[in-house]
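Asks: Contents of structure15.cif (mmCIF, C-alpha atoms):
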```cif
data_upload
#
loop_
_atom_site.label_atom_id
_atom_site.label_comp_id
_atom_site.auth_asym_id
_atom_site.auth_seq_id
_atom_site.Cartn_x
_atom_site.Cartn_y
_atom_site.Cartn_z
CA MET L 1 77.71 140.43 105.17
CA GLN L 2 80.15 138.72 102.82
CA LYS L 3 81.50 136.68 105.74
CA CYS L 4 77.97 135.60 106.69
CA GLN L 5 77.30 134.57 103.10
CA LYS L 6 80.52 132.48 103.00
CA ILE L 7 79.75 130.74 106.26
CA SER L 8 76.23 130.02 105.04
CA GLU L 9 77.52 128.48 101.80
CA GLN L 10 80.37 126.51 103.27
CA TYR L 11 78.35 125.02 106.11
CA ASP L 12 75.26 124.65 103.96
CA ILE L 13 73.01 126.44 106.41
CA PRO L 14 70.53 129.21 105.53
CA LEU L 15 71.92 132.76 105.56
CA SER L 16 68.99 133.83 107.73
CA LEU L 17 70.08 131.34 110.41
CA VAL L 18 73.62 132.75 110.44
CA GLN L 19 72.19 136.27 110.72
CA LYS L 20 69.85 135.22 113.55
CA PHE L 21 72.80 133.62 115.36
CA ILE L 22 74.83 136.82 115.13
CA ALA L 23 71.85 139.00 116.05
CA ALA L 24 71.09 136.89 119.11
CA ASN L 25 74.70 137.16 120.23
CA ILE L 26 74.76 140.90 119.70
CA THR L 27 71.57 141.18 121.81
CA THR L 28 73.09 139.19 124.65
CA GLN L 29 76.34 141.15 124.36
CA ASN L 30 78.10 137.92 123.62
CA ILE L 31 79.47 138.67 120.20
CA LYS L 32 82.93 139.69 121.40
CA LYS L 33 83.42 136.25 122.84
CA ILE L 34 82.69 134.60 119.51
CA ASN L 35 85.20 135.14 116.80
CA LEU L 36 83.47 133.66 113.79
CA TRP L 37 86.66 133.49 111.78
CA ASP L 38 89.08 132.09 114.33
CA LYS L 39 86.96 129.74 116.37
CA HIS L 40 84.06 128.58 114.28
CA TYR L 41 85.37 128.75 110.79
CA SER L 42 87.19 125.90 109.08
CA PRO L 43 88.98 126.88 105.91
CA PRO L 44 87.36 125.12 102.95
CA SER L 45 90.57 123.31 101.96
CA GLU L 46 90.57 121.40 105.26
CA ILE L 47 86.99 120.31 104.77
CA ILE L 48 87.70 119.14 101.24
CA GLU L 49 90.84 117.25 102.34
CA LYS L 50 88.93 115.48 105.09
CA THR L 51 86.15 114.50 102.72
CA GLU L 52 88.67 113.25 100.15
CA GLU L 53 90.47 111.16 102.77
CA GLN L 54 87.17 109.71 104.01
CA SER L 55 86.16 108.95 100.45
CA PHE L 56 89.49 107.23 99.74
CA VAL L 57 89.31 105.13 102.92
CA LYS L 58 85.69 104.21 102.21
CA ASN L 59 86.56 103.15 98.67
CA PHE L 60 89.57 101.17 99.85
CA LEU L 61 87.65 99.38 102.60
CA GLY L 62 84.85 98.67 100.13
CA LYS L 63 87.34 96.82 97.92
CA LEU L 64 88.59 94.89 100.94
CA ARG L 65 85.03 93.99 101.95
CA ARG L 66 84.21 92.81 98.42
CA LYS L 67 87.39 90.76 98.23
CA PHE L 68 86.45 88.71 101.30
CA GLY L 69 82.70 88.74 100.74
CA PHE L 70 81.82 90.73 103.87
CA MET T 1 111.89 92.86 102.76
CA ILE T 2 108.85 93.75 100.63
CA LEU T 3 107.22 96.87 102.06
CA GLN T 4 103.76 97.43 100.63
CA GLN T 5 102.06 100.79 101.00
CA TYR T 6 99.01 99.11 102.54
CA LYS T 7 99.67 96.77 105.40
CA ILE T 8 97.94 94.70 108.03
CA VAL T 9 100.16 93.59 110.88
CA PHE T 10 99.76 90.35 112.81
CA ALA T 11 101.42 90.49 116.21
CA GLY T 12 101.31 88.42 119.32
CA SER T 13 102.82 85.76 121.50
CA MET T 14 104.94 82.92 120.21
CA GLY T 15 102.86 80.03 118.93
CA ALA T 16 99.64 82.06 118.89
CA GLY T 17 99.07 81.34 115.21
CA LYS T 18 100.22 84.44 113.34
CA THR T 19 101.76 82.48 110.47
CA GLU T 20 98.63 80.33 110.11
CA ALA T 21 96.38 83.40 110.17
CA ILE T 22 98.38 85.04 107.38
CA ARG T 23 98.40 81.78 105.43
CA SER T 24 94.61 81.56 105.61
CA LEU T 25 94.17 85.02 104.03
CA SER T 26 97.10 85.32 101.64
CA ASP T 27 96.73 85.02 97.87
CA ILE T 28 100.37 83.96 97.58
CA PRO T 29 102.33 81.26 99.40
CA VAL T 30 103.46 82.83 102.67
CA LEU T 31 107.11 83.77 102.79
CA SER T 32 108.15 82.47 106.14
CA THR T 33 111.35 82.45 108.09
CA GLU T 34 110.90 79.61 110.52
CA ALA T 35 113.75 78.28 112.63
CA LEU T 36 114.14 75.66 115.30
CA ASN T 37 112.55 76.90 118.51
CA THR T 38 115.18 76.94 121.24
CA ASP T 39 112.82 78.48 123.80
CA GLN T 40 110.90 75.32 124.69
CA GLU T 41 110.09 76.68 128.14
CA ARG T 42 107.95 79.40 126.61
CA HIS T 43 106.33 77.31 123.92
CA SER T 44 106.69 73.69 122.91
CA LYS T 45 106.33 74.11 119.17
CA LEU T 46 109.28 72.88 117.12
CA GLU T 47 109.72 75.86 114.86
CA THR T 48 109.06 79.56 115.31
CA THR T 49 109.20 82.70 113.18
CA VAL T 50 112.47 84.56 113.52
CA GLY T 51 112.06 87.12 110.76
CA ILE T 52 108.88 88.44 109.24
CA ASP T 53 106.13 86.36 107.71
CA TYR T 54 104.84 87.91 104.56
CA GLY T 55 101.59 87.27 102.75
CA GLU T 56 99.72 89.31 100.20
CA VAL T 57 96.15 90.11 99.28
CA THR T 58 95.38 91.57 95.86
CA LEU T 59 92.31 93.74 95.51
CA GLU T 60 90.61 95.23 92.45
CA ASP T 61 92.84 97.50 90.34
CA ASP T 62 95.77 95.27 91.35
CA LEU T 63 95.95 97.04 94.70
CA LYS T 64 98.07 94.96 97.04
CA ILE T 65 97.89 94.70 100.81
CA GLY T 66 100.88 93.24 102.61
CA LEU T 67 100.16 90.91 105.52
CA TYR T 68 103.07 91.05 107.93
CA GLY T 69 103.61 88.73 110.85
CA THR T 70 106.00 89.98 113.47
CA PRO T 71 108.24 87.66 115.44
CA GLY T 72 106.60 86.77 118.74
CA GLN T 73 109.69 87.21 120.88
CA SER T 74 110.17 90.70 122.30
CA ARG T 75 113.85 90.66 121.41
CA PHE T 76 112.70 91.27 117.84
CA ASP T 77 110.66 94.34 118.80
CA PHE T 78 113.02 96.62 116.85
CA ILE T 79 111.28 95.35 113.68
CA TRP T 80 107.80 96.47 114.80
CA PRO T 81 108.10 100.19 114.00
CA VAL T 82 109.41 99.38 110.51
CA ILE T 83 106.45 97.27 109.50
CA CYS T 84 103.82 99.14 111.50
CA GLN T 85 104.41 102.52 109.90
CA GLY T 86 101.31 103.37 107.89
CA ALA T 87 99.55 100.09 108.70
CA ILE T 88 95.78 99.89 108.19
CA GLY T 89 95.56 98.12 111.50
CA ALA T 90 96.93 95.38 113.70
CA ILE T 91 95.58 91.98 114.67
CA ILE T 92 96.96 90.81 117.99
CA LEU T 93 96.91 87.06 118.58
CA ILE T 94 97.43 85.66 122.06
CA ASP T 95 97.78 82.01 123.03
CA HIS T 96 95.32 81.38 125.87
CA ASN T 97 97.75 78.89 127.42
CA VAL T 98 100.68 81.23 128.03
CA GLU T 99 101.47 81.94 131.66
CA ASN T 100 100.06 85.47 131.78
CA PRO T 101 97.86 86.09 128.75
CA LEU T 102 96.52 89.39 130.12
CA THR T 103 100.02 90.75 130.64
CA GLU T 104 100.81 89.73 127.07
CA ILE T 105 97.73 91.53 125.71
CA GLU T 106 98.54 94.61 127.76
CA SER T 107 102.10 94.66 126.50
CA TYR T 108 101.13 94.23 122.82
CA LEU T 109 98.32 96.78 123.08
CA GLU T 110 100.66 99.33 124.68
CA THR T 111 103.16 98.84 121.89
CA PHE T 112 100.84 98.73 118.89
CA GLN T 113 98.59 101.56 120.05
CA ASN T 114 101.60 103.76 119.27
CA TYR T 115 101.23 102.86 115.60
CA THR T 116 97.52 102.41 114.98
CA ASP T 117 94.11 102.98 116.56
CA ASN T 118 92.70 100.02 114.70
CA ILE T 119 93.35 96.85 116.66
CA ALA T 120 91.48 93.56 116.86
CA ILE T 121 92.39 90.81 119.32
CA GLY T 122 92.18 87.07 118.76
CA ILE T 123 92.59 84.57 121.59
CA THR T 124 93.79 81.21 120.29
CA HIS T 125 94.25 77.65 121.54
CA THR T 126 91.23 77.86 123.82
CA ASP T 127 90.39 74.27 122.90
CA GLU T 128 93.56 72.96 124.59
CA ILE T 129 93.22 72.35 128.30
CA LYS T 130 96.62 73.42 129.61
CA THR T 131 95.49 76.20 131.88
CA ASN T 132 92.90 76.81 134.57
CA GLN T 133 92.24 80.31 133.34
CA ASP T 134 88.68 81.00 132.33
CA THR T 135 88.10 82.66 128.97
CA SER T 136 85.92 85.31 130.65
CA ILE T 137 89.09 87.01 132.00
CA TYR T 138 89.59 88.82 128.69
CA LYS T 139 86.27 90.62 128.42
CA ASP T 140 86.40 91.45 132.14
CA TRP T 141 89.90 92.88 131.74
CA LEU T 142 89.00 94.96 128.68
CA ILE T 143 86.02 96.45 130.53
CA GLN T 144 88.19 97.19 133.60
CA GLN T 145 90.75 98.91 131.38
CA ASP T 146 88.03 100.87 129.58
CA LEU T 147 89.21 99.40 126.28
CA TYR T 148 86.91 98.67 123.38
CA SER T 149 89.05 96.64 120.98
CA PRO T 150 87.06 93.79 119.43
CA LEU T 151 88.08 90.43 120.90
CA PHE T 152 87.22 86.96 119.60
CA PHE T 153 88.23 83.40 120.40
CA ILE T 154 89.54 81.93 117.21
CA ASP T 155 91.33 79.03 115.58
CA SER T 156 93.84 80.74 113.32
CA ARG T 157 93.93 77.70 111.02
CA LYS T 158 90.29 78.36 110.11
CA LYS T 159 89.82 80.99 107.44
CA GLU T 160 86.34 81.95 108.65
CA ASP T 161 87.73 82.70 112.13
CA VAL T 162 90.49 84.92 110.74
CA LEU T 163 87.96 86.64 108.48
CA LEU T 164 85.88 87.45 111.55
CA LEU T 165 88.87 89.29 113.03
CA LEU T 166 89.57 91.04 109.75
CA GLU T 167 85.96 92.22 109.46
CA ALA T 168 86.13 93.53 113.03
CA LEU T 169 89.31 95.38 112.13
CA ILE T 170 87.73 96.93 109.02
CA THR T 171 84.74 98.02 111.10
CA SER T 172 87.14 99.64 113.59
CA VAL T 173 88.75 101.62 110.77
CA GLU T 174 85.31 102.72 109.54
CA VAL T 175 84.28 103.82 113.02
CA ASN T 176 87.56 105.68 113.59
CA HIS T 177 87.20 107.46 110.24
CA ASN T 178 83.51 108.18 110.81
CA ILE T 179 82.56 106.22 107.69
CA SER T 180 79.06 104.85 107.32
CA VAL T 181 78.71 101.70 105.20
#
```
What's the C-alpha coordinates form of this structure?
Replies:
Amino acid sequence: MQKCQKISEQYDIPLSLVQKFIAANITTQNIKKINLWDKHYSPPSEIIEKTEEQSFVKNFLGKLRRKFGF
Amino acid sequence: MILQQYKIVFAGSMGAGKTEAIRSLSDIPVLSTEALNTDQERHSKLETTVGIDYGEVTLEDDLKIGLYGTPGQSRFDFIWPVICQGAIGAIILIDHNVENPLTEIESYLETFQNYTDNIAIGITHTDEIKTNQDTSIYKDWLIQQDLYSPLFFIDSRKKEDVLLLLEALITSVEVNHNISV
(Lines of atoms letter the chains of each structure in order from A and count residues from 1; the text may use other names and numbers.)
(Lines give C-alpha, C1' and ligand atoms only; values in the text may rest on other atoms or scores of the structure.)
Protein backbone atom coordinates (compact mmCIF):
# COMPACT_ATOMS: atom_id res chain seq x y z
CA MET A 1 0.00 0.00 0.00
CA GLN A 2 2.87 2.35 0.81
CA LYS A 3 4.38 1.63 -2.61
CA CYS A 4 1.07 2.44 -4.31
CA GLN A 5 0.85 5.69 -2.38
CA LYS A 6 4.40 6.67 -3.44
CA ILE A 7 3.76 5.90 -7.08
CA SER A 8 0.53 7.88 -6.93
CA GLU A 9 2.30 10.92 -5.45
CA GLN A 10 5.36 10.83 -7.62
CA TYR A 11 3.49 10.39 -10.88
CA ASP A 12 0.67 12.67 -9.77
CA ILE A 13 -2.03 10.15 -10.58
CA PRO A 14 -4.93 9.19 -8.29
CA LEU A 15 -4.24 6.35 -5.84
CA SER A 16 -7.46 4.68 -6.97
CA LEU A 17 -6.10 4.49 -10.53
CA VAL A 18 -2.90 2.80 -9.33
CA GLN A 19 -4.98 0.33 -7.32
CA LYS A 20 -7.26 -0.36 -10.31
CA PHE A 21 -4.19 -0.96 -12.48
CA ILE A 22 -2.80 -3.49 -10.03
CA ALA A 23 -6.19 -5.13 -9.49
CA ALA A 24 -6.73 -5.50 -13.23
CA ASN A 25 -3.32 -7.11 -13.60
CA ILE A 26 -3.94 -9.47 -10.71
CA THR A 27 -7.25 -10.49 -12.35
CA THR A 28 -5.57 -11.22 -15.67
CA GLN A 29 -2.74 -13.05 -13.89
CA ASN A 30 -0.36 -10.54 -15.35
CA ILE A 31 1.06 -9.06 -12.19
CA LYS A 32 4.19 -11.24 -12.13
CA LYS A 33 5.22 -9.80 -15.46
CA ILE A 34 5.04 -6.25 -14.14
CA ASN A 35 7.57 -5.31 -11.57
CA LEU A 36 6.36 -1.91 -10.45
CA TRP A 37 9.65 -1.03 -8.82
CA ASP A 38 12.12 -2.17 -11.45
CA LYS A 39 10.35 -1.44 -14.70
CA HIS A 40 7.87 1.32 -14.14
CA TYR A 41 9.35 3.29 -11.33
CA SER A 42 11.78 6.15 -11.81
CA PRO A 43 13.56 7.23 -8.66
CA PRO A 44 12.51 10.77 -7.76
CA SER A 45 16.05 12.14 -7.97
CA GLU A 46 16.20 11.32 -11.70
CA ILE A 47 12.93 13.10 -12.34
CA ILE A 48 14.08 16.16 -10.43
CA GLU A 49 17.44 16.22 -12.25
CA LYS A 50 15.73 16.02 -15.63
CA THR A 51 13.34 18.82 -14.73
CA GLU A 52 16.21 20.97 -13.46
CA GLU A 53 18.20 20.40 -16.65
CA GLN A 54 15.17 21.24 -18.79
CA SER A 55 14.55 24.34 -16.74
CA PHE A 56 18.19 25.45 -17.09
CA VAL A 57 18.21 24.87 -20.86
CA LYS A 58 14.87 26.68 -21.23
CA ASN A 59 16.16 29.64 -19.24
CA PHE A 60 19.41 29.73 -21.19
CA LEU A 61 17.69 29.56 -24.57
CA GLY A 62 15.24 32.23 -23.43
CA LYS A 63 18.17 34.58 -22.82
CA LEU A 64 19.57 33.74 -26.25
CA ARG A 65 16.18 34.37 -27.88
CA ARG A 66 15.83 37.73 -26.10
CA LYS A 67 19.36 38.74 -27.07
CA PHE A 68 18.62 38.36 -30.79
CA GLY A 69 14.98 39.40 -30.64
CA PHE A 70 13.53 36.04 -31.73
CA MET B 1 42.66 29.68 -27.12
CA ILE B 2 39.65 31.02 -25.19
CA LEU B 3 37.37 28.12 -24.30
CA GLN B 4 33.97 29.30 -23.14
CA GLN B 5 31.64 26.94 -21.31
CA TYR B 6 28.87 27.69 -23.81
CA LYS B 7 29.77 27.36 -27.45
CA ILE B 8 28.30 27.43 -30.91
CA VAL B 9 30.49 25.92 -33.59
CA PHE B 10 30.59 27.05 -37.21
CA ALA B 11 31.96 24.38 -39.51
CA GLY B 12 32.05 23.82 -43.21
CA SER B 13 33.89 24.02 -46.47
CA MET B 14 36.59 26.54 -47.24
CA GLY B 15 35.18 29.87 -48.37
CA ALA B 16 31.65 29.02 -47.24
CA GLY B 17 31.46 32.09 -45.03
CA LYS B 18 32.13 30.88 -41.49
CA THR B 19 34.19 33.93 -40.55
CA GLU B 20 31.56 36.30 -41.95
CA ALA B 21 28.77 34.46 -40.13
CA ILE B 22 30.60 34.76 -36.81
CA ARG B 23 31.37 38.41 -37.53
CA SER B 24 27.69 39.15 -38.10
CA LEU B 25 26.70 37.78 -34.67
CA SER B 26 29.67 38.62 -32.46
CA ASP B 27 29.62 41.41 -29.89
CA ILE B 28 33.40 41.69 -30.09
CA PRO B 29 35.71 42.07 -33.08
CA VAL B 30 36.31 38.55 -34.38
CA LEU B 31 39.69 37.12 -33.55
CA SER B 32 40.74 35.64 -36.83
CA THR B 33 43.75 33.77 -38.05
CA GLU B 34 43.69 34.28 -41.77
CA ALA B 35 46.60 33.32 -44.00
CA LEU B 36 47.30 33.36 -47.69
CA ASN B 37 45.29 30.62 -49.38
CA THR B 38 47.69 28.28 -51.17
CA ASP B 39 44.91 25.90 -52.24
CA GLN B 40 43.57 27.95 -55.15
CA GLU B 41 42.29 24.82 -56.87
CA ARG B 42 39.78 24.27 -54.10
CA HIS B 43 38.76 27.87 -53.62
CA SER B 44 39.87 31.09 -55.24
CA LYS B 45 39.68 33.34 -52.21
CA LEU B 46 42.94 35.06 -51.27
CA GLU B 47 42.96 34.32 -47.57
CA THR B 48 41.59 31.47 -45.50
CA THR B 49 41.26 30.59 -41.82
CA VAL B 50 44.10 28.42 -40.59
CA GLY B 51 43.38 28.48 -36.87
CA ILE B 52 40.12 29.12 -35.11
CA ASP B 53 37.92 32.15 -35.57
CA TYR B 54 36.57 33.37 -32.30
CA GLY B 55 33.63 35.64 -31.63
CA GLU B 56 31.58 36.21 -28.53
CA VAL B 57 27.99 36.90 -27.60
CA THR B 58 27.19 38.26 -24.15
CA LEU B 59 23.78 37.49 -22.69
CA GLU B 60 22.04 38.77 -19.56
CA ASP B 61 23.93 38.12 -16.31
CA ASP B 62 27.16 38.52 -18.30
CA LEU B 63 26.78 34.97 -19.60
CA LYS B 64 29.10 34.52 -22.56
CA ILE B 65 28.73 32.24 -25.54
CA GLY B 66 31.81 31.54 -27.62
CA LEU B 67 31.35 31.42 -31.39
CA TYR B 68 34.02 29.18 -32.86
CA GLY B 69 34.80 28.82 -36.53
CA THR B 70 36.73 25.72 -37.45
CA PRO B 71 39.24 25.68 -40.29
CA GLY B 72 37.58 24.43 -43.46
CA GLN B 73 40.38 22.11 -44.51
CA SER B 74 40.10 18.55 -43.21
CA ARG B 75 43.77 18.50 -42.29
CA PHE B 76 42.76 20.64 -39.32
CA ASP B 77 40.12 18.17 -38.16
CA PHE B 78 42.12 17.39 -35.01
CA ILE B 79 40.87 20.73 -33.63
CA TRP B 80 37.18 19.82 -33.99
CA PRO B 81 36.82 17.60 -30.90
CA VAL B 82 38.48 20.27 -28.75
CA ILE B 83 36.05 23.01 -29.63
CA CYS B 84 32.99 20.82 -30.08
CA GLN B 85 33.03 19.34 -26.60
CA GLY B 86 29.96 20.62 -24.78
CA ALA B 87 28.81 22.78 -27.70
CA ILE B 88 25.19 23.96 -27.75
CA GLY B 89 25.09 23.08 -31.41
CA ALA B 90 26.80 23.35 -34.76
CA ILE B 91 26.06 25.40 -37.84
CA ILE B 92 27.42 23.79 -40.98
CA LEU B 93 28.04 26.11 -43.91
CA ILE B 94 28.59 24.71 -47.39
CA ASP B 95 29.56 26.64 -50.51
CA HIS B 96 27.08 25.66 -53.22
CA ASN B 97 29.83 25.99 -55.84
CA VAL B 98 32.21 23.35 -54.51
CA GLU B 99 32.62 20.26 -56.67
CA ASN B 100 30.56 17.90 -54.53
CA PRO B 101 28.48 19.87 -52.03
CA LEU B 102 26.46 16.82 -50.97
CA THR B 103 29.60 14.84 -50.18
CA GLU B 104 30.80 17.81 -48.14
CA ILE B 105 27.53 17.98 -46.17
CA GLU B 106 27.60 14.24 -45.58
CA SER B 107 31.16 14.39 -44.34
CA TYR B 108 30.53 17.33 -41.97
CA LEU B 109 27.29 15.83 -40.69
CA GLU B 110 28.99 12.49 -40.00
CA THR B 111 31.71 14.24 -38.06
CA PHE B 112 29.66 16.74 -36.08
CA GLN B 113 26.84 14.34 -35.24
CA ASN B 114 29.42 12.71 -32.96
CA TYR B 115 29.48 15.87 -30.86
CA THR B 116 25.96 17.30 -30.99
CA ASP B 117 22.41 16.47 -32.05
CA ASN B 118 21.72 20.11 -32.74
CA ILE B 119 22.83 20.97 -36.26
CA ALA B 120 21.60 23.56 -38.74
CA ILE B 121 22.86 23.75 -42.32
CA GLY B 122 23.39 26.86 -44.40
CA ILE B 123 24.09 26.71 -48.14
CA THR B 124 25.98 29.78 -49.31
CA HIS B 125 27.02 31.44 -52.57
CA THR B 126 23.87 30.32 -54.36
CA ASP B 127 23.80 33.69 -56.13
CA GLU B 128 27.03 32.93 -58.01
CA ILE B 129 26.57 30.95 -61.20
CA LYS B 130 29.61 28.69 -61.19
CA THR B 131 27.83 25.38 -61.12
CA ASN B 132 25.00 23.63 -62.92
CA GLN B 133 23.77 22.04 -59.73
CA ASP B 134 20.22 22.87 -58.80
CA THR B 135 19.56 24.00 -55.25
CA SER B 136 16.81 21.37 -54.91
CA ILE B 137 19.50 18.66 -54.53
CA TYR B 138 19.88 19.46 -50.83
CA LYS B 139 16.30 18.95 -49.70
CA ASP B 140 16.02 15.85 -51.90
CA TRP B 141 19.21 14.44 -50.38
CA LEU B 142 18.13 15.14 -46.79
CA ILE B 143 14.81 13.38 -47.41
CA GLN B 144 16.59 10.40 -49.03
CA GLN B 145 18.91 10.16 -46.04
CA ASP B 146 16.00 10.45 -43.61
CA LEU B 147 17.65 13.49 -42.04
CA TYR B 148 15.73 16.37 -40.55
CA SER B 149 18.37 19.04 -39.95
CA PRO B 150 17.06 22.50 -40.85
CA LEU B 151 18.60 23.77 -44.09
CA PHE B 152 18.50 27.30 -45.50
CA PHE B 153 20.11 29.15 -48.38
CA ILE B 154 21.89 32.09 -46.88
CA ASP B 155 24.29 34.94 -47.45
CA SER B 156 26.58 34.75 -44.44
CA ARG B 157 27.39 38.46 -44.74
CA LYS B 158 23.77 39.26 -43.91
CA LYS B 159 22.98 39.22 -40.22
CA GLU B 160 19.31 38.37 -40.76
CA ASP B 161 20.30 35.25 -42.73
CA VAL B 162 22.67 34.06 -40.01
CA LEU B 163 20.01 34.79 -37.38
CA LEU B 164 17.63 32.54 -39.29
CA LEU B 165 20.11 29.68 -38.94
CA LEU B 166 20.68 30.47 -35.27
CA GLU B 167 16.94 30.48 -34.56
CA ALA B 168 16.62 27.12 -36.34
CA LEU B 169 19.45 25.80 -34.19
CA ILE B 170 17.81 27.04 -30.97
CA THR B 171 14.53 25.42 -32.02
CA SER B 172 16.41 22.14 -32.61
CA VAL B 173 17.81 22.30 -29.07
CA GLU B 174 14.30 22.95 -27.70
CA VAL B 175 12.86 20.03 -29.63
CA ASN B 176 15.68 17.71 -28.57
CA HIS B 177 15.21 18.71 -24.92
CA ASN B 178 11.43 18.49 -25.15
CA ILE B 179 11.07 22.16 -24.21
CA SER B 180 7.93 24.04 -25.12
CA VAL B 181 8.32 27.80 -25.66
Asks: Determine which residues of chain L sit within 9 Å of chain T, taking into account all atoms listed in the file, and present them as a list in words.
Replies: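 Filtering chain L at 9 Å from chain T with all atoms listed in the file gives Glu53, Gln54, Ser55, Val57, Lys58, Leu61, Gly62, Lys63, Leu64, Arg65, Arg66, Lys67, Phe68 and Phe70 of chain L.
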Asks: Place a sphere of radius 10 Å on (100.7, 93.4, 123.9) in the file coordinates and name every protein, DNA or RNA residue with an atom inside or on its surface, counting only C-alpha atoms; give the answer as an mmCIF file with C-alpha atoms, in the frame of the given file.
Replies:
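Contents of the output file selection.cif:
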```cif
data_model
loop_
_atom_site.group_PDB
_atom_site.id
_atom_site.type_symbol
_atom_site.label_atom_id
_atom_site.label_comp_id
_atom_site.auth_asym_id
_atom_site.auth_seq_id
_atom_site.Cartn_x
_atom_site.Cartn_y
_atom_site.Cartn_z
ATOM 1 C CA ALA T 11 101.420 90.490 116.210
ATOM 2 C CA GLY T 12 101.310 88.420 119.320
ATOM 3 C CA SER T 13 102.820 85.760 121.500
ATOM 4 C CA SER T 74 110.170 90.700 122.300
ATOM 5 C CA ILE T 92 96.960 90.810 117.990
ATOM 6 C CA LEU T 93 96.910 87.060 118.580
ATOM 7 C CA ILE T 94 97.430 85.660 122.060
ATOM 8 C CA PRO T 101 97.860 86.090 128.750
ATOM 9 C CA LEU T 102 96.520 89.390 130.120
ATOM 10 C CA THR T 103 100.020 90.750 130.640
ATOM 11 C CA GLU T 104 100.810 89.730 127.070
ATOM 12 C CA ILE T 105 97.730 91.530 125.710
ATOM 13 C CA GLU T 106 98.540 94.610 127.760
ATOM 14 C CA SER T 107 102.100 94.660 126.500
ATOM 15 C CA TYR T 108 101.130 94.230 122.820
ATOM 16 C CA LEU T 109 98.320 96.780 123.080
ATOM 17 C CA GLU T 110 100.660 99.330 124.680
ATOM 18 C CA THR T 111 103.160 98.840 121.890
ATOM 19 C CA PHE T 112 100.840 98.730 118.890
ATOM 20 C CA GLN T 113 98.590 101.560 120.050
ATOM 21 C CA ILE T 121 92.390 90.810 119.320
#
```
Asks: Neighbours of T:Thr70 within 7 Å (all atoms listed in the file; same-chain residues fewer than 2 positions away dropped), as number ranges by chain?
Replies: T: 10-11, 52-53, 68, 72, 80
Asks: Select, from T:Val98, T:Val162, T:Val175, T:Ile154, the residue with the minimum atom-to-atom distance to T:Ser26, counting all atoms listed in the file.
Replies: T:Val162
Asks: List the spatial neighbours of T:Thr124 as a ChimeraX atom specification - criterion: any atom at most 9 Å away, all atoms listed in the file, same-chain residues fewer than 2 positions off excluded.
Replies: /T:16-17,93-97,122,126-127,152-156
Asks: So the first atom is atom CA of L:Thr51 and the second is atom CA of L:Ser8; what is the distance between them in Å, to one decimal place?
Replies: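 Separating atom CA of L:Thr51 from atom CA of L:Ser8 is a distance of 18.6 Å.
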Asks: Where atoms are missing, can you supply N, CA and C atoms for stretch 10-32 of chain T and output the lot as a tab-separated table (two decimals), keeping the file's coordinate frame?
Replies:
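The resulting rebuild25.tsv:
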```tsv
chain	number	residue	atom	x	y	z
T	10	PHE	N	100.18	91.39	111.88
T	10	PHE	CA	99.76	90.35	112.81
T	10	PHE	C	100.84	90.25	113.88
T	11	ALA	N	100.45	90.52	115.11
T	11	ALA	CA	101.42	90.49	116.21
T	11	ALA	C	100.90	89.55	117.29
T	12	GLY	N	101.78	89.23	118.21
T	12	GLY	CA	101.31	88.42	119.32
T	12	GLY	C	102.31	87.40	119.80
T	13	SER	N	101.89	86.66	120.82
T	13	SER	CA	102.82	85.76	121.50
T	13	SER	C	103.27	84.61	120.61
T	14	MET	N	104.39	84.02	120.98
T	14	MET	CA	104.94	82.92	120.21
T	14	MET	C	103.96	81.74	120.20
T	15	GLY	N	103.74	81.19	119.04
T	15	GLY	CA	102.86	80.03	118.93
T	15	GLY	C	101.38	80.38	118.92
T	16	ALA	N	101.06	81.66	118.84
T	16	ALA	CA	99.64	82.06	118.89
T	16	ALA	C	98.93	81.80	117.56
T	17	GLY	N	99.69	81.66	116.49
T	17	GLY	CA	99.07	81.34	115.21
T	17	GLY	C	99.14	82.45	114.17
T	18	LYS	N	100.11	83.31	114.29
T	18	LYS	CA	100.22	84.44	113.34
T	18	LYS	C	100.48	83.93	111.91
T	19	THR	N	101.41	83.00	111.80
T	19	THR	CA	101.76	82.48	110.47
T	19	THR	C	100.54	81.80	109.84
T	20	GLU	N	99.82	81.02	110.63
T	20	GLU	CA	98.63	80.33	110.11
T	20	GLU	C	97.56	81.33	109.69
T	21	ALA	N	97.40	82.38	110.48
T	21	ALA	CA	96.38	83.40	110.17
T	21	ALA	C	96.69	84.07	108.83
T	22	ILE	N	97.97	84.39	108.64
T	22	ILE	CA	98.38	85.04	107.38
T	22	ILE	C	98.17	84.06	106.22
T	23	ARG	N	98.54	82.80	106.47
T	23	ARG	CA	98.40	81.78	105.43
T	23	ARG	C	96.94	81.64	104.99
T	24	SER	N	96.02	81.77	105.95
T	24	SER	CA	94.61	81.56	105.61
T	24	SER	C	94.03	82.74	104.81
T	25	LEU	N	94.69	83.87	104.79
T	25	LEU	CA	94.17	85.02	104.03
T	25	LEU	C	94.94	85.29	102.74
T	26	SER	N	96.20	84.90	102.72
T	26	SER	CA	97.10	85.32	101.64
T	26	SER	C	96.75	84.69	100.29
T	27	ASP	N	96.92	85.51	99.25
T	27	ASP	CA	96.73	85.02	97.87
T	27	ASP	C	97.99	84.33	97.36
T	28	ILE	N	99.10	84.57	98.02
T	28	ILE	CA	100.37	83.96	97.58
T	28	ILE	C	100.88	83.02	98.69
T	29	PRO	N	101.74	82.09	98.33
T	29	PRO	CA	102.33	81.26	99.40
T	29	PRO	C	103.07	82.17	100.39
T	30	VAL	N	102.87	81.94	101.66
T	30	VAL	CA	103.46	82.83	102.67
T	30	VAL	C	104.98	82.66	102.70
T	31	LEU	N	105.65	83.80	102.65
T	31	LEU	CA	107.11	83.77	102.79
T	31	LEU	C	107.41	83.75	104.27
T	32	SER	N	107.96	82.66	104.71
T	32	SER	CA	108.15	82.47	106.14
T	32	SER	C	109.61	82.24	106.48
```
